[in-house]
$ cat query-v8.txt   # compact mmCIF, C-alpha atoms
# COMPACT_ATOMS: atom_id res chain seq x y z
CA MET A 1 -33.01 -169.35 -78.84
CA GLN A 2 -33.07 -165.88 -80.38
CA PRO A 3 -29.88 -163.78 -79.90
CA THR A 4 -31.85 -160.86 -78.45
CA LEU A 5 -33.39 -163.02 -75.72
CA ILE A 6 -30.05 -164.64 -74.90
CA THR A 7 -28.48 -161.18 -74.69
CA ILE A 8 -31.20 -159.88 -72.39
CA GLY A 9 -30.94 -162.93 -70.13
CA LEU A 10 -27.16 -162.75 -69.85
CA LEU A 11 -27.24 -159.00 -69.26
CA CYS A 12 -29.81 -159.43 -66.50
CA LEU A 13 -27.65 -162.03 -64.77
CA SER A 14 -24.50 -159.97 -65.21
CA ASN A 15 -26.26 -156.93 -63.75
CA ILE A 16 -27.26 -158.85 -60.65
CA PHE A 17 -23.60 -159.71 -60.06
CA MET A 18 -22.42 -156.19 -60.83
CA THR A 19 -25.01 -154.56 -58.58
CA PHE A 20 -23.86 -156.75 -55.69
CA ALA A 21 -20.21 -156.03 -56.55
CA TRP A 22 -20.73 -152.26 -56.66
CA TYR A 23 -23.24 -151.78 -53.85
CA GLY A 24 -23.59 -154.97 -51.78
CA HIS A 25 -20.52 -154.19 -49.70
CA LEU A 26 -22.22 -151.04 -48.37
CA ARG A 27 -24.47 -153.23 -46.25
CA THR A 28 -22.40 -156.37 -45.72
CA LEU A 29 -18.84 -155.05 -45.38
CA GLY A 30 -19.44 -151.57 -43.98
CA THR A 31 -17.19 -152.19 -40.98
CA LYS A 32 -14.33 -153.75 -42.96
CA PRO A 33 -11.45 -151.78 -44.51
CA TRP A 34 -12.18 -150.52 -48.01
CA ILE A 35 -9.50 -152.78 -49.51
CA ILE A 36 -11.40 -155.87 -48.30
CA ALA A 37 -14.59 -154.56 -49.87
CA ALA A 38 -12.72 -153.80 -53.10
CA LEU A 39 -11.21 -157.30 -53.31
CA VAL A 40 -14.54 -159.00 -52.58
CA SER A 41 -16.23 -156.75 -55.16
CA TRP A 42 -13.53 -157.58 -57.67
CA GLY A 43 -14.16 -161.28 -57.16
CA ILE A 44 -17.89 -160.83 -57.71
CA ALA A 45 -17.27 -158.64 -60.76
CA LEU A 46 -15.35 -161.48 -62.43
CA PHE A 47 -18.62 -163.42 -62.73
CA GLU A 48 -20.28 -160.31 -64.13
CA TYR A 49 -17.69 -160.08 -66.90
CA LEU A 50 -18.01 -163.79 -67.68
CA LEU A 51 -21.67 -163.09 -68.50
CA GLN A 52 -21.46 -159.56 -69.88
CA VAL A 53 -18.79 -160.15 -72.52
CA PRO A 54 -20.66 -163.02 -74.24
CA ALA A 55 -23.92 -161.07 -73.89
CA ASN A 56 -22.46 -158.14 -75.80
CA ARG A 57 -20.86 -160.38 -78.43
CA ILE A 58 -24.14 -162.19 -79.04
CA GLY A 59 -26.16 -158.98 -78.93
CA TYR A 60 -23.84 -157.27 -81.40
CA THR A 61 -24.91 -159.78 -84.04
CA VAL A 62 -28.42 -158.26 -84.05
CA MET A 63 -27.97 -154.78 -82.49
CA ASN A 64 -25.57 -151.91 -82.84
CA VAL A 65 -23.42 -150.76 -79.93
CA GLY A 66 -25.75 -147.86 -79.07
CA GLN A 67 -28.70 -150.22 -78.82
CA LEU A 68 -26.68 -152.57 -76.62
CA LYS A 69 -25.76 -149.71 -74.30
CA ILE A 70 -29.32 -148.43 -73.92
CA LEU A 71 -30.53 -151.99 -73.34
CA GLN A 72 -27.86 -152.34 -70.64
CA GLU A 73 -28.98 -149.12 -68.95
CA VAL A 74 -32.64 -150.21 -68.90
CA ILE A 75 -31.64 -153.55 -67.38
CA THR A 76 -29.36 -151.81 -64.89
CA LEU A 77 -32.17 -149.61 -63.58
CA SER A 78 -34.57 -152.57 -63.55
CA ILE A 79 -32.15 -154.51 -61.34
CA PHE A 80 -30.88 -151.59 -59.25
CA VAL A 81 -34.22 -150.24 -58.03
CA PRO A 82 -35.47 -153.51 -56.48
CA PHE A 83 -31.96 -154.18 -55.11
CA SER A 84 -31.73 -150.80 -53.43
CA VAL A 85 -35.19 -151.16 -51.89
CA TRP A 86 -34.92 -154.82 -50.89
CA PHE A 87 -31.24 -155.31 -50.05
CA LEU A 88 -30.04 -151.84 -49.05
CA ARG A 89 -33.41 -150.90 -47.53
CA GLU A 90 -33.46 -147.55 -49.32
CA PRO A 91 -36.83 -145.83 -49.74
CA LEU A 92 -38.55 -146.18 -53.09
CA LYS A 93 -38.49 -142.77 -54.72
CA LEU A 94 -40.60 -141.26 -57.44
CA ASP A 95 -37.32 -140.21 -59.09
CA TYR A 96 -36.85 -143.83 -60.18
CA LEU A 97 -40.07 -143.55 -62.18
CA TRP A 98 -38.90 -140.36 -63.88
CA ALA A 99 -35.52 -141.93 -64.66
CA GLY A 100 -37.33 -144.97 -66.08
CA LEU A 101 -39.46 -142.77 -68.31
CA CYS A 102 -36.34 -141.02 -69.59
CA LEU A 103 -34.83 -144.42 -70.38
CA LEU A 104 -38.00 -145.44 -72.22
CA SER A 105 -37.54 -142.35 -74.37
CA ALA A 106 -33.94 -143.39 -75.00
CA VAL A 107 -35.15 -146.87 -75.98
CA TYR A 108 -37.59 -145.37 -78.45
CA PHE A 109 -34.99 -143.17 -80.11
CA ILE A 110 -32.22 -145.78 -80.28
CA PHE A 111 -34.51 -148.58 -81.51
CA ARG A 112 -37.01 -146.57 -83.63
CA SER A 113 -35.59 -147.88 -86.89
CA LYS A 114 -36.64 -151.38 -85.74
CA PHE A 115 -40.15 -150.31 -84.72

$ encode --input "query-v8.txt" --output "structure tokens"
Amino acid sequence: MQPTLITIGLLCLSNIFMTFAWYGHLRTLGTKPWIIAALVSWGIALFEYLLQVPANRIGYTVMNVGQLKILQEVITLSIFVPFSVWFLREPLKLDYLWAGLCLLSAVYFIFRSKF
């Protein structure tokens, strides 16, 4: 499989774990002490790192670090918006669209040498 596709797949999976680690406790552990939420989040984040580190190593064979970071941010927003609407029951805001358009501009500028 192509390194770019492997990188994207691993980053998507790692972002799912990280989104739950960073924000999932707001809904599921809201009544627990913060230290419990932090320890549970830390445990979830371990799986994120087990996916993110190889994703960046593989991606770095075909992209520079700036391209990897912008790719990560696009994936993060793509995972975060559905998560916040579905899991946290936050309203879908037009601001997400504007943020997405800004990220598309960032993608263009960071990857334009490949276009």

$ closest_residue --input "query-v8.txt" --among "A:Ala45, A:Ala55, A:Ile35, A:Ala106" --to "Thr7 (chain A)" --atoms "all atoms listed in the file"
A:Ala55

$ closest_residue --input "query-v8.txt" --among "A:Met63, A:Val74, A:Leu50, A:Leu104" --to "Leu10 (chain A)" --atoms "all atoms listed in the file"
A:Leu50

$ atom_distance --input "query-v8.txt" --atom1 "CA of Gln52 (chain A)" --atom2 "CA of Ser14 (chain A)"
5.6 Å

$ atom_distance --input "query-v8.txt" --atom1 "CA of Gly100 (chain A)" --atom2 "CA of Thr28 (chain A)"
27.7 Å

$ residues_around --input "query-v8.txt" --residues "Val81 (chain A)" --least-positions-apart "4" --cutoff "12 Å" --atoms "all atoms listed in the file" --output "MDAnalysis selection string"
chainID A and resid 15:16 19 23 74:77 85:97 99:100

$ atom_distance --input "query-v8.txt" --atom1 "CA of Ile110 (chain A)" --atom2 "CA of Gly66 (chain A)"
6.9 Å

$ residues_around --input "query-v8.txt" --residues "Trp42 (chain A)" --least-positions-apart "2" --cutoff "12 Å" --atoms "only C-alpha atoms" --output "ChimeraX atom specification"
/A:17-25,35-40,44-49

$ closest_residue --input "query-v8.txt" --among "A:Met1, A:Leu101, A:Ile8, A:Leu13" --to "Leu71 (chain A)" --atoms "all atoms listed in the file"
A:Ile8

$ closest_residue --input "query-v8.txt" --among "A:Val62, A:Leu29, A:Leu68, A:Val107" --to "Pro3 (chain A)" --atoms "only C-alpha atoms"
A:Val62

$ decode --input "query-v8.txt" --residues "region 14-25 of chain A" --atoms "all heavy atoms" --output "mmCIF file, in the first residue's frame"
data_model
loop_
_atom_site.group_PDB
_atom_site.id
_atom_site.type_symbol
_atom_site.label_atom_id
_atom_site.label_comp_id
_atom_site.auth_asym_id
_atom_site.auth_seq_id
_atom_site.Cartn_x
_atom_site.Cartn_y
_atom_site.Cartn_z
ATOM 1 N N SER A 14 -5.604 7.295 14.903
ATOM 2 C CA SER A 14 -5.005 7.927 16.076
ATOM 3 C C SER A 14 -5.833 9.131 16.531
ATOM 4 O O SER A 14 -5.978 9.373 17.724
ATOM 5 C CB SER A 14 -3.553 8.339 15.809
ATOM 6 O OG SER A 14 -3.469 9.493 15.031
ATOM 7 N N ASN A 15 -6.410 9.859 15.585
ATOM 8 C CA ASN A 15 -7.241 11.008 15.941
ATOM 9 C C ASN A 15 -8.527 10.610 16.635
ATOM 10 O O ASN A 15 -9.015 11.332 17.493
ATOM 11 C CB ASN A 15 -7.557 11.835 14.694
ATOM 12 C CG ASN A 15 -6.735 13.083 14.663
ATOM 13 O OD1 ASN A 15 -7.073 14.044 15.329
ATOM 14 N ND2 ASN A 15 -5.646 13.042 13.931
ATOM 15 N N ILE A 16 -9.077 9.472 16.264
ATOM 16 C CA ILE A 16 -10.273 8.994 16.958
ATOM 17 C C ILE A 16 -9.932 8.751 18.423
ATOM 18 O O ILE A 16 -10.653 9.196 19.329
ATOM 19 C CB ILE A 16 -10.829 7.723 16.273
ATOM 20 C CG1 ILE A 16 -11.418 8.087 14.909
ATOM 21 C CG2 ILE A 16 -11.883 7.050 17.163
ATOM 22 C CD1 ILE A 16 -11.747 6.893 14.029
ATOM 23 N N PHE A 17 -8.825 8.058 18.681
ATOM 24 C CA PHE A 17 -8.402 7.825 20.061
ATOM 25 C C PHE A 17 -8.129 9.135 20.784
ATOM 26 O O PHE A 17 -8.538 9.328 21.931
ATOM 27 C CB PHE A 17 -7.155 6.928 20.111
ATOM 28 C CG PHE A 17 -7.456 5.473 19.950
ATOM 29 C CD1 PHE A 17 -7.154 4.828 18.764
ATOM 30 C CD2 PHE A 17 -8.019 4.745 20.981
ATOM 31 C CE1 PHE A 17 -7.421 3.479 18.606
ATOM 32 C CE2 PHE A 17 -8.294 3.396 20.838
ATOM 33 C CZ PHE A 17 -7.992 2.759 19.644
ATOM 34 N N MET A 18 -7.415 10.045 20.139
ATOM 35 C CA MET A 18 -7.036 11.284 20.808
ATOM 36 C C MET A 18 -8.252 12.158 21.086
ATOM 37 O O MET A 18 -8.323 12.806 22.138
ATOM 38 C CB MET A 18 -6.016 12.058 19.967
ATOM 39 C CG MET A 18 -5.225 13.011 20.789
ATOM 40 S SD MET A 18 -4.299 12.072 22.023
ATOM 41 C CE MET A 18 -3.807 13.343 23.124
ATOM 42 N N THR A 19 -9.203 12.184 20.180
ATOM 43 C CA THR A 19 -10.411 12.976 20.414
ATOM 44 C C THR A 19 -11.169 12.446 21.621
ATOM 45 O O THR A 19 -11.630 13.227 22.458
ATOM 46 C CB THR A 19 -11.293 12.989 19.152
ATOM 47 O OG1 THR A 19 -10.531 13.530 18.069
ATOM 48 C CG2 THR A 19 -12.538 13.826 19.351
ATOM 49 N N PHE A 20 -11.274 11.125 21.736
ATOM 50 C CA PHE A 20 -11.913 10.547 22.921
ATOM 51 C C PHE A 20 -11.090 10.834 24.177
ATOM 52 O O PHE A 20 -11.645 11.134 25.236
ATOM 53 C CB PHE A 20 -12.130 9.038 22.757
ATOM 54 C CG PHE A 20 -13.441 8.705 22.109
ATOM 55 C CD1 PHE A 20 -13.504 8.464 20.752
ATOM 56 C CD2 PHE A 20 -14.613 8.656 22.839
ATOM 57 C CE1 PHE A 20 -14.707 8.169 20.134
ATOM 58 C CE2 PHE A 20 -15.827 8.366 22.237
ATOM 59 C CZ PHE A 20 -15.874 8.118 20.882
ATOM 60 N N ALA A 21 -9.768 10.768 24.072
ATOM 61 C CA ALA A 21 -8.920 11.035 25.238
ATOM 62 C C ALA A 21 -9.066 12.486 25.696
ATOM 63 O O ALA A 21 -9.132 12.754 26.895
ATOM 64 C CB ALA A 21 -7.454 10.726 24.908
ATOM 65 N N TRP A 22 -9.094 13.417 24.763
ATOM 66 C CA TRP A 22 -9.143 14.832 25.121
ATOM 67 C C TRP A 22 -10.530 15.314 25.509
ATOM 68 O O TRP A 22 -10.669 16.168 26.370
ATOM 69 C CB TRP A 22 -8.647 15.687 23.958
ATOM 70 C CG TRP A 22 -7.167 15.717 23.788
ATOM 71 C CD1 TRP A 22 -6.246 14.878 24.348
ATOM 72 C CD2 TRP A 22 -6.435 16.640 22.997
ATOM 73 N NE1 TRP A 22 -4.982 15.220 23.932
ATOM 74 C CE2 TRP A 22 -5.071 16.305 23.101
ATOM 75 C CE3 TRP A 22 -6.793 17.708 22.198
ATOM 76 C CZ2 TRP A 22 -4.071 17.004 22.450
ATOM 77 C CZ3 TRP A 22 -5.793 18.400 21.539
ATOM 78 C CH2 TRP A 22 -4.449 18.050 21.678
ATOM 79 N N TYR A 23 -11.573 14.784 24.857
ATOM 80 C CA TYR A 23 -12.907 15.341 25.038
ATOM 81 C C TYR A 23 -13.962 14.355 25.533
ATOM 82 O O TYR A 23 -15.001 14.776 26.024
ATOM 83 C CB TYR A 23 -13.403 15.979 23.730
ATOM 84 C CG TYR A 23 -12.479 17.038 23.224
ATOM 85 C CD1 TYR A 23 -11.629 16.797 22.148
ATOM 86 C CD2 TYR A 23 -12.428 18.286 23.828
ATOM 87 C CE1 TYR A 23 -10.757 17.782 21.692
ATOM 88 C CE2 TYR A 23 -11.562 19.271 23.381
ATOM 89 C CZ TYR A 23 -10.729 19.006 22.312
ATOM 90 O OH TYR A 23 -9.869 19.971 21.867
ATOM 91 N N GLY A 24 -13.741 13.065 25.387
ATOM 92 C CA GLY A 24 -14.740 12.075 25.778
ATOM 93 C C GLY A 24 -15.102 12.130 27.243
ATOM 94 O O GLY A 24 -16.255 11.912 27.633
ATOM 95 N N HIS A 25 -14.136 12.449 28.082
ATOM 96 C CA HIS A 25 -14.380 12.503 29.528
ATOM 97 C C HIS A 25 -15.363 13.608 29.908
ATOM 98 O O HIS A 25 -15.986 13.546 30.971
ATOM 99 C CB HIS A 25 -13.067 12.686 30.287
ATOM 100 C CG HIS A 25 -12.379 13.975 29.996
ATOM 101 N ND1 HIS A 25 -12.659 15.132 30.693
ATOM 102 C CD2 HIS A 25 -11.454 14.297 29.068
ATOM 103 C CE1 HIS A 25 -11.917 16.110 30.214
ATOM 104 N NE2 HIS A 25 -11.175 15.634 29.213
#
